[in-house]
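Enquirer: Data: run_27.csv, CSV, C-alpha atoms and all ligand atoms.
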chain,number,residue,atom,x,y,z
A,1,MET,CA,56.9,-159.1,-51.4
A,2,PRO,CA,54.5,-156.4,-49.9
A,3,SER,CA,53.0,-157.4,-46.5
A,4,LEU,CA,49.3,-157.2,-45.8
A,5,ASN,CA,49.9,-156.5,-42.1
A,6,SER,CA,51.1,-153.2,-40.7
A,7,ARG,CA,54.3,-153.6,-38.7
A,8,VAL,CA,54.0,-153.2,-34.9
A,9,LEU,CA,57.3,-151.2,-34.9
A,10,GLU,CA,59.2,-149.7,-37.8
A,11,ALA,CA,62.6,-151.2,-38.7
A,12,GLY,CA,65.3,-148.9,-37.3
A,13,SER,CA,63.1,-147.4,-34.6
A,14,TRP,CA,65.1,-148.9,-31.8
A,15,SER,CA,68.6,-148.9,-33.3
A,16,ALA,CA,68.3,-145.2,-34.3
A,17,VAL,CA,69.6,-144.5,-30.7
A,18,PRO,CA,72.4,-146.2,-28.7
A,19,GLN,CA,71.4,-149.1,-26.5
A,20,PRO,CA,69.8,-147.4,-23.4
A,21,VAL,CA,70.6,-147.7,-19.7
A,22,ILE,CA,67.4,-148.7,-18.0
A,23,GLU,CA,66.9,-148.0,-14.3
A,24,GLY,CA,64.2,-149.1,-11.8
A,25,ASP,CA,63.5,-150.8,-8.5
A,26,GLY,CA,67.1,-150.3,-7.3
A,27,LEU,CA,68.6,-151.9,-10.4
A,28,ARG,CA,70.6,-150.5,-13.4
A,29,LEU,CA,70.5,-152.3,-16.7
A,30,ARG,CA,73.3,-151.2,-18.9
A,31,PRO,CA,75.2,-152.4,-22.0
A,32,TRP,CA,78.1,-154.8,-21.3
A,33,ARG,CA,81.5,-153.2,-21.5
A,34,THR,CA,85.2,-153.9,-21.2
A,35,GLY,CA,86.1,-154.7,-17.6
A,36,ASP,CA,83.1,-157.0,-17.1
A,37,GLU,CA,85.1,-160.0,-18.1
A,38,PRO,CA,86.0,-161.3,-14.6
A,39,PHE,CA,82.4,-161.2,-13.5
A,40,LEU,CA,81.3,-163.1,-16.7
A,41,VAL,CA,84.0,-165.8,-16.3
A,42,GLY,CA,82.9,-166.2,-12.7
A,43,ALA,CA,79.2,-166.4,-13.5
A,44,TYR,CA,79.7,-168.9,-16.3
A,45,SER,CA,81.7,-171.2,-14.0
A,46,ASP,CA,78.6,-171.7,-11.9
A,47,PRO,CA,77.1,-175.2,-12.4
A,48,ALA,CA,73.5,-173.9,-12.5
A,49,ILE,CA,74.2,-171.3,-15.2
A,50,GLN,CA,76.2,-173.9,-17.2
A,51,ARG,CA,73.3,-176.4,-16.8
A,52,TRP,CA,70.5,-174.1,-17.9
A,53,HIS,CA,72.4,-171.9,-20.4
A,54,THR,CA,74.5,-174.8,-21.8
A,55,PHE,CA,77.5,-172.4,-22.1
A,56,VAL,CA,80.9,-171.8,-20.5
A,57,LEU,CA,83.4,-169.0,-20.8
A,58,ASP,CA,86.9,-170.4,-20.1
A,59,ASP,CA,88.8,-167.2,-19.8
A,60,GLU,CA,88.7,-163.4,-20.1
A,61,ALA,CA,89.6,-163.5,-23.8
A,62,GLU,CA,86.5,-165.5,-24.4
A,63,ALA,CA,84.5,-163.1,-22.3
A,64,THR,CA,85.8,-160.2,-24.4
A,65,GLY,CA,84.5,-161.9,-27.5
A,66,TRP,CA,81.2,-162.6,-25.8
A,67,ILE,CA,80.8,-158.9,-24.9
A,68,GLU,CA,81.5,-157.9,-28.5
A,69,ARG,CA,78.9,-160.4,-29.8
A,70,VAL,CA,76.1,-159.3,-27.4
A,71,ASN,CA,76.8,-155.6,-28.0
A,72,ALA,CA,76.3,-156.2,-31.7
A,73,ARG,CA,72.7,-157.3,-31.0
A,74,TRP,CA,71.2,-153.9,-30.3
A,75,PRO,CA,72.0,-152.5,-33.7
A,76,SER,CA,70.7,-155.6,-35.4
A,77,GLU,CA,67.3,-155.3,-33.7
A,78,LYS,CA,67.2,-159.1,-33.5
A,79,ALA,CA,68.2,-159.4,-29.9
A,80,ALA,CA,69.6,-157.3,-27.0
A,81,ASP,CA,71.4,-157.9,-23.8
A,82,TRP,CA,72.0,-155.9,-20.6
A,83,ALA,CA,74.3,-156.3,-17.6
A,84,VAL,CA,72.4,-155.7,-14.3
A,85,GLU,CA,73.9,-153.7,-11.5
A,86,SER,CA,72.6,-153.4,-7.9
A,87,GLN,CA,74.3,-150.8,-5.7
A,88,GLY,CA,77.1,-150.4,-8.3
A,89,GLU,CA,77.9,-154.1,-8.4
A,90,LEU,CA,77.3,-156.5,-11.3
A,91,VAL,CA,74.8,-159.1,-10.3
A,92,SER,CA,72.9,-160.4,-13.3
A,93,ARG,CA,72.3,-160.6,-17.0
A,94,ILE,CA,69.0,-160.1,-18.8
A,95,GLY,CA,68.0,-159.5,-22.4
A,96,PHE,CA,65.9,-160.3,-25.4
A,97,ARG,CA,67.3,-163.6,-26.7
A,98,ILE,CA,65.0,-163.2,-29.7
A,99,LEU,CA,63.5,-159.8,-30.8
A,100,ASP,CA,61.1,-159.1,-33.7
A,101,LEU,CA,60.1,-155.5,-34.0
A,102,GLU,CA,57.9,-156.2,-37.0
A,103,TYR,CA,55.6,-158.5,-34.9
A,104,GLY,CA,56.3,-156.6,-31.7
A,105,ASP,CA,57.4,-159.6,-29.7
A,106,ALA,CA,60.5,-160.8,-27.9
A,107,GLU,CA,61.8,-163.8,-25.8
A,108,VAL,CA,63.4,-162.9,-22.5
A,109,ALA,CA,66.4,-164.7,-21.0
A,110,TYR,CA,68.2,-164.1,-17.7
A,111,TRP,CA,70.5,-165.4,-15.1
A,112,VAL,CA,71.7,-164.1,-11.7
A,113,ALA,CA,75.2,-164.7,-10.3
A,114,PRO,CA,75.1,-167.2,-7.5
A,115,GLN,CA,76.2,-164.7,-4.8
A,116,ALA,CA,73.2,-162.5,-5.7
A,117,ARG,CA,70.4,-165.1,-5.8
A,118,GLY,CA,67.4,-165.1,-3.5
A,119,ALA,CA,67.1,-161.3,-3.2
A,120,GLY,CA,64.5,-160.8,-5.9
A,121,ILE,CA,67.1,-159.6,-8.5
A,122,ALA,CA,65.6,-161.7,-11.4
A,123,SER,CA,62.0,-160.8,-10.6
A,124,ARG,CA,62.9,-157.1,-10.3
A,125,ALA,CA,65.1,-157.0,-13.5
A,126,LEU,CA,62.4,-158.8,-15.5
A,127,THR,CA,59.7,-156.4,-14.3
A,128,VAL,CA,61.9,-153.4,-15.1
A,129,LEU,CA,62.6,-154.8,-18.6
A,130,THR,CA,58.9,-155.6,-19.1
A,131,ASP,CA,57.9,-152.1,-18.3
A,132,TRP,CA,60.5,-150.7,-20.6
A,133,ALA,CA,59.4,-153.0,-23.4
A,134,ARG,CA,55.8,-151.9,-23.0
A,135,GLU,CA,56.8,-148.2,-23.1
A,136,HIS,CA,58.8,-148.9,-26.2
A,137,GLY,CA,56.0,-150.5,-28.2
A,138,LEU,CA,56.3,-154.3,-27.8
A,139,HIS,CA,53.1,-156.2,-27.7
A,140,ARG,CA,54.1,-159.5,-26.1
A,141,LEU,CA,57.0,-161.1,-24.2
A,142,THR,CA,57.7,-164.8,-23.8
A,143,LEU,CA,60.2,-166.8,-21.8
A,144,GLN,CA,61.0,-170.5,-21.7
A,145,HIS,CA,62.6,-172.6,-19.0
A,146,SER,CA,63.1,-176.3,-18.5
A,147,THR,CA,60.3,-177.9,-16.5
A,148,GLN,CA,63.0,-178.9,-14.0
A,149,ASN,CA,64.0,-175.3,-13.3
A,150,GLU,CA,61.6,-174.4,-10.5
A,151,PRO,CA,63.2,-171.1,-9.5
A,152,SER,CA,62.8,-169.8,-13.1
A,153,CYS,CA,59.2,-170.9,-13.1
A,154,ARG,CA,58.7,-168.8,-9.9
A,155,VAL,CA,60.3,-165.8,-11.5
A,156,ALA,CA,58.0,-166.1,-14.5
A,157,GLN,CA,54.9,-166.5,-12.4
A,158,ARG,CA,55.8,-163.7,-10.0
A,159,CYS,CA,56.2,-161.3,-12.9
A,160,GLY,CA,52.9,-162.1,-14.5
A,161,PHE,CA,54.2,-164.3,-17.3
A,162,HIS,CA,51.4,-166.9,-17.5
A,163,LEU,CA,52.1,-170.5,-18.4
A,164,GLU,CA,50.8,-171.1,-21.9
A,165,GLY,CA,51.9,-174.7,-22.3
A,166,THR,CA,54.8,-177.2,-22.3
A,167,LEU,CA,57.0,-177.7,-25.4
A,168,VAL,CA,57.8,-181.4,-25.3
A,169,ARG,CA,61.5,-182.5,-25.7
A,170,SER,CA,62.1,-179.0,-27.0
A,171,LEU,CA,65.7,-178.1,-26.0
A,172,LEU,CA,68.8,-180.2,-25.8
A,173,HIS,CA,70.7,-179.9,-22.6
A,174,ALA,CA,73.9,-181.7,-21.5
A,175,ASP,CA,71.8,-184.5,-20.0
A,176,GLY,CA,69.4,-184.8,-22.9
A,177,TRP,CA,66.2,-183.3,-24.2
A,178,HIS,CA,64.2,-181.2,-21.7
A,179,ASP,CA,60.5,-180.3,-21.8
A,180,MET,CA,60.2,-176.5,-21.7
A,181,HIS,CA,57.5,-174.3,-20.1
A,182,LEU,CA,56.4,-171.5,-22.4
A,183,HIS,CA,55.3,-168.4,-20.4
A,184,ALA,CA,54.0,-165.2,-21.9
A,185,ARG,CA,53.0,-161.7,-20.8
A,186,LEU,CA,50.8,-159.5,-23.0
A,187,LEU,CA,52.0,-155.9,-22.5
A,188,GLU,CA,48.6,-154.2,-22.7
A,189,ASP,CA,48.1,-155.1,-19.0
A,190,PRO,CA,49.9,-153.4,-16.2
A,191,VAL,CA,52.6,-155.5,-14.5
A,192,THR,CA,51.3,-157.1,-11.3
A,193,PRO,CA,54.2,-158.3,-9.2
A,194,GLY,CA,53.3,-161.4,-7.3
A,195,ALA,CA,50.5,-162.4,-9.8
A,201,LIG,C1,66.5,-168.7,-11.7
A,201,LIG,C2,67.2,-167.4,-11.2
A,201,LIG,C3,67.4,-166.5,-12.3
A,201,LIG,C4,66.4,-166.8,-10.1
A,201,LIG,O1,67.1,-165.6,-9.7
A,201,LIG,P1,66.8,-164.9,-8.2
A,201,LIG,O2,67.3,-163.5,-8.3
A,201,LIG,O3,67.5,-165.8,-7.2
A,201,LIG,O4,65.3,-165.0,-8.2
A,201,LIG,P2,64.3,-164.2,-7.2
A,201,LIG,O5,65.1,-163.9,-5.9
A,201,LIG,O6,63.7,-163.2,-7.9
A,201,LIG,O7,63.3,-165.4,-6.7
A,201,LIG,C5,62.3,-165.8,-7.6
A,201,LIG,C6,61.5,-166.9,-7.0
A,201,LIG,O8,62.3,-168.1,-7.1
A,201,LIG,C7,62.3,-168.8,-5.8
A,201,LIG,N1,63.5,-169.5,-5.7
A,201,LIG,C8,64.8,-169.1,-5.7
A,201,LIG,N2,65.6,-170.1,-5.6
A,201,LIG,C9,64.9,-171.2,-5.5
A,201,LIG,C10,65.2,-172.6,-5.5
A,201,LIG,N3,66.5,-173.0,-5.4
A,201,LIG,N4,64.1,-173.5,-5.5
A,201,LIG,C11,62.9,-173.1,-5.5
A,201,LIG,N5,62.5,-171.7,-5.6
A,201,LIG,C12,63.5,-170.9,-5.6
A,201,LIG,C13,62.2,-167.6,-4.8
A,201,LIG,O9,61.8,-168.1,-3.6
A,201,LIG,C14,61.2,-166.8,-5.5
A,201,LIG,O10,59.9,-167.3,-5.3
A,201,LIG,P3,58.7,-166.5,-4.7
A,201,LIG,O11,58.3,-165.5,-5.7
A,201,LIG,O12,57.7,-167.6,-4.5
A,201,LIG,O13,59.3,-165.9,-3.4
A,201,LIG,C15,68.6,-167.8,-10.6
A,201,LIG,O14,68.5,-168.9,-9.7
A,201,LIG,C16,69.6,-168.3,-11.7
A,201,LIG,O15,70.3,-167.5,-12.4
A,201,LIG,N6,69.7,-169.6,-11.8
A,201,LIG,C17,70.7,-170.3,-12.8
A,201,LIG,C18,70.4,-169.9,-14.2
A,201,LIG,C19,69.0,-170.0,-14.6
A,201,LIG,O16,68.2,-170.8,-14.1
A,201,LIG,N7,68.5,-169.1,-15.5
A,201,LIG,C20,67.2,-169.1,-16.0
A,201,LIG,C21,67.1,-170.1,-17.2
A,201,LIG,S1,65.4,-170.1,-17.8
Take the structure in the file and give it back as structure tokens.
Expert:
Amino acid sequence: MPSLNSRVLEAGSWSAVPQPVIEGDGLRLRPWRTGDEPFLVGAYSDPAIQRWHTFVLDDEAEATGWIERVNARWPSEKAADWAVESQGELVSRIGFRILDLEYGDAEVAYWVAPQARGAGIASRALTVLTDWAREHGLHRLTLQHSTQNEPSCRVAQRCGFHLEGTLVRSLLHADGWHDMHLHARLLEDPVTPGA
């Protein structure tokens, strides 16, 4: 059925090239690769990551499967995921949990390994990815977090993702349904860290 709207980005415009390495503000966002398994198993053993991402990786074989799945996202143009390095060390994960090139929007998700928290990694990685998304034609980014997740709310606010509302009993966690904050950033505006 022909669409009456023009697409924001043409299908295939991102996947025509390999998933990029993105650098900025002392961080390097790169595709996941073989050898990242021990870091992933360690990160997913953290109670906070388990709580908010409702996921666990029991061993390196499961992590290998996870890497294969997330690296299939870039060619699909439906999602994308990056490992984050600081000074050559893996510290974090960030990506587009949902990506829609036709409408030019994406939902961001992230976590930071426990040993790397409190150093601005999440805020810097989100700003680097936001700048990249703007340069590559996206119109709007969103992110969601449980209303109980205060650190994630701070990351969103610090990176200029304004609170648009609360999604009531929206996501099932291990302890039941959580209300979720919906934050969004329109990419026409320059990023204002600390906003
Ligand atoms: C949320 C998370 C990504 C923050 O990562 P981080 O790199 O430590 O964040 P930053 O250093 O950029 O800090 C961002 C803000 O959160 C604040 N913060 C950090 N830990 C906090 C805590 N335990 N309680 C309240 N605020 C906290 C920081 O002070 C900072 O606020 P500021 O801008 O007012 O100074 C990290 O704690 C994490 O991975 N948690 C577990 C998984 C998770 O929550 N993922 C997100 C799901 S939506």
Enquirer: Would you name the residues within 10 Å of ligand LIG 201 (chain A), counting all atoms listed in the file, and put them as a PDB file with C-alpha atoms, in the coordinates of the input?
Expert:
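What landed in part-v6.pdb:
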ATOM      1  CA  ALA A  43      79.200-166.400 -13.500  1.00  0.00           C
ATOM      2  CA  TYR A  44      79.700-168.900 -16.300  1.00  0.00           C
ATOM      3  CA  ASP A  46      78.600-171.700 -11.900  1.00  0.00           C
ATOM      4  CA  PRO A  47      77.100-175.200 -12.400  1.00  0.00           C
ATOM      5  CA  ALA A  48      73.500-173.900 -12.500  1.00  0.00           C
ATOM      6  CA  ILE A  49      74.200-171.300 -15.200  1.00  0.00           C
ATOM      7  CA  GLN A  50      76.200-173.900 -17.200  1.00  0.00           C
ATOM      8  CA  ARG A  51      73.300-176.400 -16.800  1.00  0.00           C
ATOM      9  CA  TRP A  52      70.500-174.100 -17.900  1.00  0.00           C
ATOM     10  CA  HIS A  53      72.400-171.900 -20.400  1.00  0.00           C
ATOM     11  CA  THR A  54      74.500-174.800 -21.800  1.00  0.00           C
ATOM     12  CA  VAL A  91      74.800-159.100 -10.300  1.00  0.00           C
ATOM     13  CA  SER A  92      72.900-160.400 -13.300  1.00  0.00           C
ATOM     14  CA  ARG A  93      72.300-160.600 -17.000  1.00  0.00           C
ATOM     15  CA  ILE A  94      69.000-160.100 -18.800  1.00  0.00           C
ATOM     16  CA  VAL A 108      63.400-162.900 -22.500  1.00  0.00           C
ATOM     17  CA  ALA A 109      66.400-164.700 -21.000  1.00  0.00           C
ATOM     18  CA  TYR A 110      68.200-164.100 -17.700  1.00  0.00           C
ATOM     19  CA  TRP A 111      70.500-165.400 -15.100  1.00  0.00           C
ATOM     20  CA  VAL A 112      71.700-164.100 -11.700  1.00  0.00           C
ATOM     21  CA  ALA A 113      75.200-164.700 -10.300  1.00  0.00           C
ATOM     22  CA  PRO A 114      75.100-167.200  -7.500  1.00  0.00           C
ATOM     23  CA  GLN A 115      76.200-164.700  -4.800  1.00  0.00           C
ATOM     24  CA  ALA A 116      73.200-162.500  -5.700  1.00  0.00           C
ATOM     25  CA  ARG A 117      70.400-165.100  -5.800  1.00  0.00           C
ATOM     26  CA  GLY A 118      67.400-165.100  -3.500  1.00  0.00           C
ATOM     27  CA  ALA A 119      67.100-161.300  -3.200  1.00  0.00           C
ATOM     28  CA  GLY A 120      64.500-160.800  -5.900  1.00  0.00           C
ATOM     29  CA  ILE A 121      67.100-159.600  -8.500  1.00  0.00           C
ATOM     30  CA  ALA A 122      65.600-161.700 -11.400  1.00  0.00           C
ATOM     31  CA  SER A 123      62.000-160.800 -10.600  1.00  0.00           C
ATOM     32  CA  ARG A 124      62.900-157.100 -10.300  1.00  0.00           C
ATOM     33  CA  ALA A 125      65.100-157.000 -13.500  1.00  0.00           C
ATOM     34  CA  LEU A 126      62.400-158.800 -15.500  1.00  0.00           C
ATOM     35  CA  LEU A 143      60.200-166.800 -21.800  1.00  0.00           C
ATOM     36  CA  GLN A 144      61.000-170.500 -21.700  1.00  0.00           C
ATOM     37  CA  HIS A 145      62.600-172.600 -19.000  1.00  0.00           C
ATOM     38  CA  SER A 146      63.100-176.300 -18.500  1.00  0.00           C
ATOM     39  CA  THR A 147      60.300-177.900 -16.500  1.00  0.00           C
ATOM     40  CA  GLN A 148      63.000-178.900 -14.000  1.00  0.00           C
ATOM     41  CA  ASN A 149      64.000-175.300 -13.300  1.00  0.00           C
ATOM     42  CA  GLU A 150      61.600-174.400 -10.500  1.00  0.00           C
ATOM     43  CA  PRO A 151      63.200-171.100  -9.500  1.00  0.00           C
ATOM     44  CA  SER A 152      62.800-169.800 -13.100  1.00  0.00           C
ATOM     45  CA  CYS A 153      59.200-170.900 -13.100  1.00  0.00           C
ATOM     46  CA  ARG A 154      58.700-168.800  -9.900  1.00  0.00           C
ATOM     47  CA  VAL A 155      60.300-165.800 -11.500  1.00  0.00           C
ATOM     48  CA  ALA A 156      58.000-166.100 -14.500  1.00  0.00           C
ATOM     49  CA  GLN A 157      54.900-166.500 -12.400  1.00  0.00           C
ATOM     50  CA  ARG A 158      55.800-163.700 -10.000  1.00  0.00           C
ATOM     51  CA  CYS A 159      56.200-161.300 -12.900  1.00  0.00           C
ATOM     52  CA  MET A 180      60.200-176.500 -21.700  1.00  0.00           C
ATOM     53  CA  HIS A 181      57.500-174.300 -20.100  1.00  0.00           C
ATOM     54  CA  PRO A 193      54.200-158.300  -9.200  1.00  0.00           C
ATOM     55  CA  GLY A 194      53.300-161.400  -7.300  1.00  0.00           C
ATOM     56  CA  ALA A 195      50.500-162.400  -9.800  1.00  0.00           C
TER      57      ALA A 195
END
Enquirer: For a test of reading the model, state the distance in Å between atom CA of A:Gly35 and atom CA of A:Asp131, rounded to one decimal.
Expert: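 Separation of atom CA of A:Gly35 and atom CA of A:Asp131: 28.3 Å.
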Enquirer: So which residues touch A:Arg97 within 9 Å, counting only C-alpha atoms, skipping near sequence neighbours fewer than 4 positions away, as a ChimeraX atom specification?
Expert: /A:78-81,106-109
Enquirer: Please measure the separation of atom CA of A:Asp59 and atom CA of A:Leu129, giving the value in Å to one decimal.
Expert: 29.0 Å
Enquirer: Between atom CA of A:Leu9 and atom CA of A:Leu101, what distance in Å does the model show, to one decimal?
Expert: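 Straight-line distance from atom CA of A:Leu9 to atom CA of A:Leu101 works out to 5.2 Å.
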Enquirer: For A:Val8, work out the shell of residues within 8 Å, counting only C-alpha atoms and skipping chain neighbours fewer than 4 positions away, then give it as an mmCIF file with C-alpha atoms, keeping the file's coordinate frame.
Expert:
data_model
loop_
_atom_site.group_PDB
_atom_site.id
_atom_site.type_symbol
_atom_site.label_atom_id
_atom_site.label_comp_id
_atom_site.auth_asym_id
_atom_site.auth_seq_id
_atom_site.Cartn_x
_atom_site.Cartn_y
_atom_site.Cartn_z
ATOM 1 C CA LEU A 101 60.100 -155.500 -34.000
ATOM 2 C CA GLU A 102 57.900 -156.200 -37.000
ATOM 3 C CA TYR A 103 55.600 -158.500 -34.900
ATOM 4 C CA GLY A 104 56.300 -156.600 -31.700
ATOM 5 C CA GLY A 137 56.000 -150.500 -28.200
ATOM 6 C CA LEU A 138 56.300 -154.300 -27.800
ATOM 7 C CA HIS A 139 53.100 -156.200 -27.700
#
Enquirer: Quick one: everything within 6 Å of A:Arg30, counting all atoms listed in the file, minus sequence neighbours fewer than 2 positions away in the same chain. Send it as a PDB file with C-alpha atoms, in the coordinates of the input.
Expert:
ATOM      1  CA  VAL A  21      70.600-147.700 -19.700  1.00  0.00           C
ATOM      2  CA  TRP A  82      72.000-155.900 -20.600  1.00  0.00           C
ATOM      3  CA  ALA A  83      74.300-156.300 -17.600  1.00  0.00           C
TER       4      ALA A  83
END
Enquirer: Which residue out of A:Leu90, A:Val168, A:Met1, A:Ala63 has the minimum interatomic distance to A:Leu27 when all atoms listed in the file are used?
Expert: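 Result for the nearest residue to A:Leu27: A:Leu90.
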Enquirer: With only C-alpha atoms as the atoms that count, which of A:Gly176, A:Gly95, A:Pro75, A:Gly160 lies nearest to A:Val17?
Expert: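 Comparing A:Gly176, A:Gly95, A:Pro75, A:Gly160 against A:Val17, the winner is A:Pro75.
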Enquirer: Find the residues around A:Leu182 up to 7 Å (all atoms listed in the file counted), leave out those fewer than 5 positions away in its own chain, and share them as a ChimeraX atom specification.
Expert: /A:142-144,163-167
Enquirer: Which residue gives the smallest distance to A:Pro38 among A:Pro2, A:Thr64, A:Phe96, A:Arg69, with only C-alpha atoms counted?
Expert: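 Selected residue with least distance to A:Pro38: A:Thr64.
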Enquirer: With distances taken over all atoms listed in the file, which residue among A:Asp105, A:Glu188, A:Asp179, A:Glu23 lies nearest A:Val128?
Expert: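 That would be A:Glu23, the residue with the smallest distance to A:Val128.
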